Amino acid sequence: MNTVNPTIKPALKPLAFSVLRLLNDGEFHSGVAIAQKLGVSRASVSNALQGMDEVGVAVHKVHGRGYRLPEPIQWLERDAILKKLGKDAKAFQIEVLETAVSTNSLLLQNTASGTHGILVLATELQTGGRGRRGRQWQSGLGDGLTFSLLWRFQQGAGFLSGLSLAVGVAIMRALESAGIQGAALKWPNDVLFHYQKLAGTLIELQGDMLGPTVAVIGIGINLKLSDSIKAHIDQGVTDVFSITGEMPDRNQLLAILLHELLAVLREFELHGFAPFRKEWVRHHGYENKAVTLHLPDGSSQKGAVHGVAEDGSLLLKTETGNRSFNGGEISLRRTI
Ligand code: BTN
């Protein structure tokens, strides 16, 4: 979800992750016992557990008993993701980091790597997640999926104009296949549930105008946000837990997403957005709705949404006729 709040949450140190993994059995562990097991001082354990609330993790501390995680963290595991990917596994080179400022930024700095498969970078805690239009993506430790995928296209930026919409189709397919029904798309690439943000995509391109192009496709999905993370978010937001009443298996959901992304991106590189257009429009939560577009030059345009074009442009019926709009800097709002 997006926020304009510029704060970057502090990264947790490796020791904090070790302590959390130890507490993940849901039992009480005394500071002394944790310190002994990890070969550090008690003060270091206590320091490592500072600031957990800021990353959305609740740690119970009870005098005389120690620390306990009331809600265990469901860790991402590379091997589990690969196993769930089955025959698709060989297509990917997956890395899971405990913490990263932004998985998109990291992949953009490493565009030369990933020659042995499609590079995927996922992180348990993203401390400076970026969204469209210079906004931030707020998430806590293990409360969602935050990952990026690097795809090499032979084509240039013009061909890729509908890419973010095609990625939206892949996310919708994945959500449905994971039993998460009722989500909708919002042009160009938000995923909403009852007009509240469930997932977002940030695509960043590197390369020549005529190709080849490296696309870094970053996806954030809210699974179960804590109140402390929600407090940082300045727009309507929701998560999978609120929709289904269950925390999904994160490894399984990531594997399903990668499976659907692989299929969509393979088709996209051959035929562009055209084969996905109808499916996209079927999922558009704003189809035939009165909307206002806020354009990068500060002006706005009112109209009714009338589908999307084969290059991913939004088609609008306006008082002065039909118009089409494209560009990641445009924001769409319902006209109330
Ligand atoms: C948006 O809704 O504006 C797009 C949000 C995209 C967030 C994801 S999380 C993983 C990847 N890394 C980032 O820094 N951003 C994307």
# chains A, B, ... in the order shown; residues from 1 in each chain; ligands from 1
>>> closest_atom_pairs(of="chain A", to="ligand 1", cutoff="7 Å", atoms="only C-alpha atoms and all ligand atoms", output="Markdown table")
| residue | atom | partner | partner_atom_place_in_ligand_line | distance |
| --- | --- | --- | --- | --- |
| A:Met1 | CA | ligand 1 | 2 (O) | 5.7 |
| A:Asn2 | CA | ligand 1 | 2 (O) | 5.9 |
| A:Ser102 | CA | ligand 1 | 14 (O) | 4.0 |
| A:Thr103 | CA | ligand 1 | 12 (N) | 4.3 |
| A:Asn104 | CA | ligand 1 | 12 (N) | 4.3 |
| A:Ser105 | CA | ligand 1 | 14 (O) | 6.4 |
| A:Gly128 | CA | ligand 1 | 14 (O) | 6.5 |
| A:Gly129 | CA | ligand 1 | 14 (O) | 3.5 |
| A:Arg130 | CA | ligand 1 | 14 (O) | 3.7 |
| A:Gly131 | CA | ligand 1 | 3 (O) | 3.3 |
| A:Arg132 | CA | ligand 1 | 3 (O) | 3.7 |
| A:Arg133 | CA | ligand 1 | 3 (O) | 6.9 |
| A:Arg135 | CA | ligand 1 | 3 (O) | 6.5 |
| A:Trp137 | CA | ligand 1 | 7 (C) | 5.3 |
| A:Thr146 | CA | ligand 1 | 10 (C) | 4.1 |
| A:Phe147 | CA | ligand 1 | 10 (C) | 4.4 |
| A:Ser148 | CA | ligand 1 | 11 (C) | 5.4 |
| A:Asp190 | CA | ligand 1 | 2 (O) | 6.0 |
| A:Ala199 | CA | ligand 1 | 2 (O) | 6.6 |
| A:Gly200 | CA | ligand 1 | 2 (O) | 3.5 |
| A:Thr201 | CA | ligand 1 | 4 (C) | 4.1 |
| A:Leu202 | CA | ligand 1 | 4 (C) | 4.4 |
| A:Gly218 | CA | ligand 1 | 11 (C) | 3.7 |
| A:Ile219 | CA | ligand 1 | 8 (C) | 4.1 |
| A:Gly220 | CA | ligand 1 | 9 (S) | 3.8 |
>>> write_last_selection(atoms="C-alpha atoms", output="PDB file, in the first residue's frame")
ATOM      1  CA  MET A   1       0.000   0.000   0.000  1.00  0.00           C
ATOM      2  CA  ASN A   2       1.112   3.490  -0.544  1.00  0.00           C
ATOM      3  CA  SER A 102      13.849  -2.367  -1.763  1.00  0.00           C
ATOM      4  CA  THR A 103      13.901  -5.559  -3.816  1.00  0.00           C
ATOM      5  CA  ASN A 104      13.377  -3.460  -6.956  1.00  0.00           C
ATOM      6  CA  SER A 105      16.385  -1.277  -6.163  1.00  0.00           C
ATOM      7  CA  GLY A 128      12.253   1.312   2.000  1.00  0.00           C
ATOM      8  CA  GLY A 129       9.764  -0.217  -0.421  1.00  0.00           C
ATOM      9  CA  ARG A 130       8.950   2.028  -3.364  1.00  0.00           C
ATOM     10  CA  GLY A 131       5.655   2.480  -5.156  1.00  0.00           C
ATOM     11  CA  ARG A 132       4.471   4.317  -8.240  1.00  0.00           C
ATOM     12  CA  ARG A 133       4.612   8.096  -8.456  1.00  0.00           C
ATOM     13  CA  ARG A 135       5.319   6.920  -3.094  1.00  0.00           C
ATOM     14  CA  TRP A 137       5.237   0.767  -0.034  1.00  0.00           C
ATOM     15  CA  THR A 146       7.425  -8.244  -1.263  1.00  0.00           C
ATOM     16  CA  PHE A 147       9.439  -9.479  -4.204  1.00  0.00           C
ATOM     17  CA  SER A 148      10.842  -8.498  -7.584  1.00  0.00           C
ATOM     18  CA  ASP A 190      -3.384  -1.811  -8.503  1.00  0.00           C
ATOM     19  CA  ALA A 199      -1.527  -5.371  -3.944  1.00  0.00           C
ATOM     20  CA  GLY A 200       0.585  -3.106  -6.115  1.00  0.00           C
ATOM     21  CA  THR A 201       3.133  -3.425  -8.889  1.00  0.00           C
ATOM     22  CA  LEU A 202       6.103  -1.226  -9.693  1.00  0.00           C
ATOM     23  CA  GLY A 218       8.201  -5.534  -8.217  1.00  0.00           C
ATOM     24  CA  ILE A 219       5.097  -6.818  -6.492  1.00  0.00           C
ATOM     25  CA  GLY A 220       3.798  -6.190  -2.992  1.00  0.00           C
TER      26      GLY A 220
END
>>> select_by_dssp(residues="region 156-303 of chain A", states="strand (DSSP E)", output="short mmCIF file (atom, residue, chain, number, x, y, z; two decimals) with all heavy atoms, in the first residue's frame")
data_model
loop_
_atom_site.label_atom_id
_atom_site.label_comp_id
_atom_site.auth_asym_id
_atom_site.auth_seq_id
_atom_site.Cartn_x
_atom_site.Cartn_y
_atom_site.Cartn_z
N ALA A 184 -10.20 -6.99 -7.49
CA ALA A 184 -10.43 -6.30 -8.77
C ALA A 184 -9.19 -5.49 -9.12
O ALA A 184 -8.38 -5.15 -8.24
CB ALA A 184 -11.63 -5.37 -8.64
N LEU A 185 -9.06 -5.18 -10.40
CA LEU A 185 -7.92 -4.37 -10.84
C LEU A 185 -8.33 -2.91 -10.90
O LEU A 185 -9.50 -2.58 -11.09
CB LEU A 185 -7.46 -4.83 -12.22
CG LEU A 185 -6.83 -6.22 -12.27
CD1 LEU A 185 -6.70 -6.71 -13.70
CD2 LEU A 185 -5.47 -6.20 -11.58
N LYS A 186 -7.35 -2.05 -10.73
CA LYS A 186 -7.56 -0.61 -10.94
C LYS A 186 -6.44 -0.14 -11.85
O LYS A 186 -5.26 -0.36 -11.53
CB LYS A 186 -7.51 0.12 -9.60
CG LYS A 186 -7.65 1.62 -9.76
CD LYS A 186 -7.40 2.33 -8.43
CE LYS A 186 -7.40 3.81 -8.64
NZ LYS A 186 -6.81 4.52 -7.50
N ASP A 190 -3.10 -1.49 -9.90
CA ASP A 190 -3.38 -1.81 -8.50
C ASP A 190 -4.32 -3.01 -8.44
O ASP A 190 -5.11 -3.23 -9.36
CB ASP A 190 -4.11 -0.64 -7.82
CG ASP A 190 -3.17 0.51 -7.53
OD1 ASP A 190 -1.95 0.32 -7.64
OD2 ASP A 190 -3.68 1.60 -7.20
N VAL A 191 -4.23 -3.73 -7.34
CA VAL A 191 -5.22 -4.77 -7.07
C VAL A 191 -5.96 -4.36 -5.81
O VAL A 191 -5.34 -4.07 -4.78
CB VAL A 191 -4.55 -6.16 -6.88
CG1 VAL A 191 -5.61 -7.22 -6.63
CG2 VAL A 191 -3.71 -6.52 -8.10
N LEU A 192 -7.28 -4.30 -5.93
CA LEU A 192 -8.11 -3.80 -4.83
C LEU A 192 -9.11 -4.88 -4.40
O LEU A 192 -9.42 -5.79 -5.16
CB LEU A 192 -8.91 -2.58 -5.27
CG LEU A 192 -8.18 -1.42 -5.95
CD1 LEU A 192 -9.18 -0.32 -6.28
CD2 LEU A 192 -7.07 -0.86 -5.07
N PHE A 193 -9.60 -4.70 -3.20
CA PHE A 193 -10.74 -5.48 -2.74
C PHE A 193 -11.69 -4.48 -2.12
O PHE A 193 -11.33 -3.77 -1.17
CB PHE A 193 -10.31 -6.54 -1.72
CG PHE A 193 -11.42 -7.45 -1.29
CD1 PHE A 193 -11.78 -8.56 -2.06
CD2 PHE A 193 -12.15 -7.18 -0.14
CE1 PHE A 193 -12.83 -9.37 -1.68
CE2 PHE A 193 -13.19 -8.00 0.25
CZ PHE A 193 -13.52 -9.10 -0.52
N GLN A 196 -10.27 -1.10 -1.70
CA GLN A 196 -9.15 -0.92 -0.78
C GLN A 196 -7.94 -1.69 -1.32
O GLN A 196 -8.09 -2.79 -1.85
CB GLN A 196 -9.52 -1.43 0.61
CG GLN A 196 -10.65 -0.59 1.19
CD GLN A 196 -10.87 -0.91 2.65
OE1 GLN A 196 -10.97 -2.08 3.00
NE2 GLN A 196 -10.92 0.10 3.46
N LYS A 197 -6.78 -1.13 -1.11
CA LYS A 197 -5.60 -1.68 -1.79
C LYS A 197 -5.12 -3.00 -1.18
O LYS A 197 -4.85 -3.10 0.01
CB LYS A 197 -4.47 -0.65 -1.75
CG LYS A 197 -3.30 -1.05 -2.58
CD LYS A 197 -2.82 0.09 -3.43
CE LYS A 197 -1.51 -0.22 -4.08
NZ LYS A 197 -1.05 0.87 -4.91
N LEU A 198 -5.00 -3.98 -2.05
CA LEU A 198 -4.55 -5.31 -1.62
C LEU A 198 -3.13 -5.59 -2.14
O LEU A 198 -2.34 -6.24 -1.47
CB LEU A 198 -5.53 -6.36 -2.19
CG LEU A 198 -5.25 -7.82 -1.96
CD1 LEU A 198 -5.26 -8.14 -0.46
CD2 LEU A 198 -6.26 -8.70 -2.68
N ALA A 199 -2.84 -5.09 -3.35
CA ALA A 199 -1.53 -5.37 -3.94
C ALA A 199 -1.16 -4.27 -4.93
O ALA A 199 -2.04 -3.57 -5.44
CB ALA A 199 -1.56 -6.71 -4.67
N GLY A 200 0.12 -4.12 -5.16
CA GLY A 200 0.59 -3.11 -6.12
C GLY A 200 1.80 -3.61 -6.88
O GLY A 200 2.50 -4.53 -6.43
N THR A 201 2.01 -3.03 -8.03
CA THR A 201 3.13 -3.42 -8.89
C THR A 201 3.94 -2.19 -9.30
O THR A 201 3.35 -1.18 -9.68
CB THR A 201 2.60 -4.08 -10.19
OG1 THR A 201 1.79 -5.18 -9.83
CG2 THR A 201 3.72 -4.57 -11.07
N LEU A 202 5.22 -2.30 -9.21
CA LEU A 202 6.10 -1.23 -9.69
C LEU A 202 7.05 -1.83 -10.72
O LEU A 202 7.85 -2.72 -10.39
CB LEU A 202 6.91 -0.64 -8.53
CG LEU A 202 7.96 0.41 -8.92
CD1 LEU A 202 7.28 1.69 -9.40
CD2 LEU A 202 8.88 0.72 -7.73
N ILE A 203 6.93 -1.37 -11.97
CA ILE A 203 7.80 -1.90 -13.03
C ILE A 203 8.81 -0.84 -13.42
O ILE A 203 8.43 0.31 -13.70
CB ILE A 203 6.97 -2.34 -14.25
CG1 ILE A 203 6.03 -3.47 -13.82
CG2 ILE A 203 7.89 -2.80 -15.40
CD1 ILE A 203 5.26 -4.12 -14.92
N GLU A 204 10.07 -1.20 -13.41
CA GLU A 204 11.13 -0.26 -13.78
C GLU A 204 11.95 -0.87 -14.91
O GLU A 204 12.28 -2.06 -14.87
CB GLU A 204 11.98 0.06 -12.56
CG GLU A 204 11.13 0.78 -11.50
CD GLU A 204 11.87 1.08 -10.22
OE1 GLU A 204 12.08 0.14 -9.44
OE2 GLU A 204 12.24 2.23 -10.00
N LEU A 205 12.21 -0.04 -15.93
CA LEU A 205 12.86 -0.54 -17.14
C LEU A 205 14.25 0.04 -17.31
O LEU A 205 14.49 1.20 -16.96
CB LEU A 205 12.02 -0.16 -18.37
CG LEU A 205 10.54 -0.59 -18.38
CD1 LEU A 205 9.85 -0.08 -19.64
CD2 LEU A 205 10.42 -2.10 -18.29
N GLN A 206 15.13 -0.78 -17.87
CA GLN A 206 16.48 -0.31 -18.25
C GLN A 206 16.78 -0.81 -19.65
O GLN A 206 16.49 -1.98 -19.95
CB GLN A 206 17.54 -0.91 -17.32
CG GLN A 206 17.88 -0.04 -16.14
CD GLN A 206 18.99 -0.65 -15.31
OE1 GLN A 206 19.71 -1.54 -15.74
NE2 GLN A 206 19.13 -0.14 -14.09
N GLY A 207 17.31 0.06 -20.49
CA GLY A 207 17.67 -0.41 -21.83
C GLY A 207 17.47 0.67 -22.87
O GLY A 207 17.14 1.81 -22.54
N THR A 213 15.48 -4.72 -23.43
CA THR A 213 15.09 -4.05 -22.18
C THR A 213 15.14 -5.04 -21.03
O THR A 213 14.69 -6.18 -21.17
CB THR A 213 13.62 -3.54 -22.28
OG1 THR A 213 13.46 -2.83 -23.49
CG2 THR A 213 13.28 -2.64 -21.11
N VAL A 214 15.66 -4.56 -19.92
CA VAL A 214 15.54 -5.34 -18.68
C VAL A 214 14.38 -4.74 -17.90
O VAL A 214 14.35 -3.53 -17.67
CB VAL A 214 16.84 -5.24 -17.84
CG1 VAL A 214 16.64 -5.87 -16.48
CG2 VAL A 214 17.99 -5.91 -18.57
N ALA A 215 13.43 -5.59 -17.54
CA ALA A 215 12.29 -5.10 -16.73
C ALA A 215 12.41 -5.67 -15.33
O ALA A 215 12.53 -6.89 -15.16
CB ALA A 215 10.97 -5.53 -17.38
N VAL A 216 12.38 -4.80 -14.35
CA VAL A 216 12.32 -5.25 -12.96
C VAL A 216 10.87 -5.07 -12.52
O VAL A 216 10.34 -3.95 -12.50
CB VAL A 216 13.30 -4.48 -12.06
CG1 VAL A 216 13.04 -4.80 -10.60
CG2 VAL A 216 14.74 -4.83 -12.43
N ILE A 217 10.24 -6.19 -12.23
CA ILE A 217 8.81 -6.21 -11.91
C ILE A 217 8.68 -6.45 -10.41
O ILE A 217 8.97 -7.55 -9.93
CB ILE A 217 8.11 -7.34 -12.71
CG1 ILE A 217 8.29 -7.09 -14.21
CG2 ILE A 217 6.63 -7.45 -12.33
CD1 ILE A 217 7.92 -8.28 -15.08
N GLY A 218 8.29 -5.42 -9.68
CA GLY A 218 8.20 -5.53 -8.22
C GLY A 218 6.76 -5.63 -7.80
O GLY A 218 5.91 -4.86 -8.25
N ILE A 219 6.48 -6.59 -6.93
CA ILE A 219 5.10 -6.82 -6.49
C ILE A 219 5.04 -6.84 -4.97
O ILE A 219 5.87 -7.47 -4.31
CB ILE A 219 4.57 -8.16 -7.07
CG1 ILE A 219 4.51 -8.06 -8.60
CG2 ILE A 219 3.18 -8.51 -6.50
CD1 ILE A 219 4.11 -9.33 -9.31
N GLY A 220 4.05 -6.15 -4.43
CA GLY A 220 3.80 -6.19 -2.99
C GLY A 220 2.36 -6.63 -2.78
O GLY A 220 1.45 -6.11 -3.43
N ILE A 221 2.16 -7.60 -1.89
CA ILE A 221 0.80 -8.08 -1.59
C ILE A 221 0.63 -8.08 -0.07
O ILE A 221 1.49 -8.60 0.66
CB ILE A 221 0.57 -9.51 -2.13
CG1 ILE A 221 0.78 -9.52 -3.64
CG2 ILE A 221 -0.84 -10.01 -1.78
CD1 ILE A 221 0.38 -10.79 -4.33
N ASN A 222 -0.47 -7.50 0.40
CA ASN A 222 -0.72 -7.48 1.83
C ASN A 222 -1.39 -8.77 2.26
O ASN A 222 -2.45 -9.11 1.75
CB ASN A 222 -1.66 -6.32 2.19
CG ASN A 222 -1.13 -4.99 1.71
OD1 ASN A 222 0.07 -4.79 1.73
ND2 ASN A 222 -2.02 -4.11 1.29
N ALA A 290 -17.73 6.47 -13.46
CA ALA A 290 -17.31 7.85 -13.63
C ALA A 290 -16.02 8.06 -12.84
O ALA A 290 -15.96 7.72 -11.65
CB ALA A 290 -18.39 8.78 -13.11
N VAL A 291 -14.99 8.55 -13.51
CA VAL A 291 -13.69 8.72 -12.84
C VAL A 291 -13.10 10.09 -13.18
O VAL A 291 -13.53 10.75 -14.13
CB VAL A 291 -12.67 7.63 -13.27
CG1 VAL A 291 -13.16 6.25 -12.91
CG2 VAL A 291 -12.33 7.72 -14.74
N THR A 292 -12.12 10.47 -12.38
CA THR A 292 -11.33 11.66 -12.69
C THR A 292 -9.87 11.21 -12.78
O THR A 292 -9.38 10.54 -11.87
CB THR A 292 -11.46 12.72 -11.58
OG1 THR A 292 -12.85 13.00 -11.41
CG2 THR A 292 -10.72 14.00 -11.94
N LEU A 293 -9.23 11.56 -13.89
CA LEU A 293 -7.80 11.26 -14.01
C LEU A 293 -7.02 12.50 -13.61
O LEU A 293 -7.31 13.60 -14.10
CB LEU A 293 -7.45 10.91 -15.46
CG LEU A 293 -8.03 9.63 -16.05
CD1 LEU A 293 -7.44 9.37 -17.42
CD2 LEU A 293 -7.79 8.44 -15.13
N HIS A 294 -6.03 12.32 -12.77
CA HIS A 294 -5.14 13.43 -12.41
C HIS A 294 -3.87 13.25 -13.23
O HIS A 294 -3.18 12.23 -13.10
CB HIS A 294 -4.88 13.44 -10.91
CG HIS A 294 -6.14 13.70 -10.14
ND1 HIS A 294 -6.63 14.96 -9.91
CD2 HIS A 294 -7.06 12.85 -9.62
CE1 HIS A 294 -7.76 14.89 -9.25
NE2 HIS A 294 -8.05 13.62 -9.06
N SER A 300 -6.73 17.82 -14.80
CA SER A 300 -7.49 16.59 -14.58
C SER A 300 -8.50 16.40 -15.69
O SER A 300 -8.83 17.36 -16.41
CB SER A 300 -8.16 16.61 -13.21
OG SER A 300 -9.01 17.72 -13.13
N GLN A 301 -8.95 15.20 -15.85
CA GLN A 301 -9.91 14.87 -16.92
C GLN A 301 -10.99 13.97 -16.35
O GLN A 301 -10.69 12.91 -15.78
CB GLN A 301 -9.16 14.16 -18.06
CG GLN A 301 -10.06 13.62 -19.14
CD GLN A 301 -10.68 14.73 -19.99
OE1 GLN A 301 -9.98 15.48 -20.65
NE2 GLN A 301 -12.02 14.83 -19.97
N LYS A 302 -12.24 14.40 -16.52
CA LYS A 302 -13.35 13.56 -16.06
C LYS A 302 -13.88 12.73 -17.23
O LYS A 302 -13.79 13.15 -18.39
CB LYS A 302 -14.49 14.44 -15.52
CG LYS A 302 -14.20 15.06 -14.17
CD LYS A 302 -15.48 15.68 -13.64
CE LYS A 302 -15.31 16.54 -12.41
NZ LYS A 302 -14.37 16.14 -11.39
N GLY A 303 -14.47 11.60 -16.92
CA GLY A 303 -15.06 10.78 -17.97
C GLY A 303 -15.55 9.46 -17.41
O GLY A 303 -15.51 9.24 -16.19
#
>>> closest_residue(among="A:His232, A:His63, A:Lys13, A:His259", to="Leu82 (chain A)", atoms="only C-alpha atoms")
A:His259
>>> closest_residue(among="A:Ala33, A:Ala43, A:Ala48, A:Ile81", to="Pro14 (chain A)", atoms="only C-alpha atoms")
A:Ala48
>>> atom_distance(atom1="CA of Ala166 (chain A)", atom2="CA of Ser139 (chain A)")
24.0 Å
>>> residues_around(residues="Lys278 (chain A)", least_positions_apart="5", cutoff="9 Å", atoms="only C-alpha atoms", output="list in words")
His283, Gly307 and Val308 of chain A
>>> closest_residue(among="A:Ser18, A:Gln109, A:Ser313, A:Thr318", to="Gly162 (chain A)", atoms="only C-alpha atoms")
A:Ser313
>>> residues_around(residues="region 169-173 of chain A", least_positions_apart="2", cutoff="10 Å", atoms="only C-alpha atoms", output="short mmCIF file (atom, residue, chain, number, x, y, z; two decimals) with C-alpha atoms, in the first residue's frame")
data_model
loop_
_atom_site.label_atom_id
_atom_site.label_comp_id
_atom_site.auth_asym_id
_atom_site.auth_seq_id
_atom_site.Cartn_x
_atom_site.Cartn_y
_atom_site.Cartn_z
CA LEU A 163 3.28 -4.85 -19.30
CA SER A 164 2.04 -3.62 -15.93
CA LEU A 165 -1.54 -4.49 -16.91
CA ALA A 166 -0.49 -7.99 -18.01
CA VAL A 167 1.21 -8.42 -14.63
CA LEU A 175 -5.16 -14.90 -6.26
CA GLU A 176 -8.06 -16.85 -7.72
CA SER A 177 -6.03 -20.02 -7.96
CA ALA A 178 -5.07 -19.56 -4.28
CA GLY A 179 -8.78 -19.29 -3.38
CA ILE A 180 -8.77 -15.53 -2.84
CA GLN A 181 -11.89 -14.38 -4.66
CA GLY A 182 -13.41 -10.97 -5.26
CA ALA A 183 -10.33 -8.83 -5.94
CA ALA A 184 -10.43 -6.30 -8.77
CA LEU A 185 -7.92 -4.37 -10.84
CA ASN A 189 -1.85 -1.84 -11.96
CA ASP A 190 -3.38 -1.81 -8.50
CA VAL A 191 -5.22 -4.77 -7.07
CA ALA A 199 -1.53 -5.37 -3.94
CA GLY A 200 0.59 -3.11 -6.12
CA THR A 201 3.13 -3.42 -8.89
CA ILE A 219 5.10 -6.82 -6.49
CA ILE A 221 0.80 -8.08 -1.59
CA ILE A 256 1.59 -19.66 -7.52
CA LEU A 257 2.39 -16.05 -8.39
CA LEU A 258 5.66 -17.05 -10.06
CA HIS A 259 3.87 -19.79 -12.02
CA GLU A 260 1.27 -17.33 -13.32
CA LEU A 261 3.87 -14.63 -14.00
CA LEU A 262 5.95 -17.08 -16.00
CA ALA A 263 2.99 -17.99 -18.22
CA VAL A 264 1.89 -14.37 -18.68
CA LEU A 265 5.38 -13.00 -19.36
CA PHE A 276 -4.85 -10.25 -22.01
CA ARG A 277 -6.99 -7.21 -22.81
CA GLU A 279 -9.48 -10.59 -19.25
CA TRP A 280 -8.07 -7.37 -17.83
CA VAL A 281 -11.24 -5.39 -18.61
CA HIS A 283 -11.47 -7.61 -13.78
#
>>> select_by_dssp(residues="region 99-226 of chain A", states="alpha helix (DSSP H)", output="JSON, numbers by chain")
{"A": [103, 104, 105, 106, 107, 108, 109, 163, 164, 165, 166, 167, 168, 169, 170, 171, 172, 173, 174, 175, 176, 177]}
>>> residues_around(residues="region 223-230 of chain A", least_positions_apart="4", cutoff="8 Å", atoms="only C-alpha atoms", output="ChimeraX atom specification")
/A:53-57,138-140,143-145,237,239-242,247-248
>>> residues_around(residues="Leu295 (chain A)", least_positions_apart="5", cutoff="10 Å", atoms="only C-alpha atoms", output="list of chain:residue names")
A:Ser300, A:Gln301, A:Phe325, A:Asn326, A:Gly327, A:Gly328, A:Glu329, A:Ile330, A:Ser331, A:Leu332
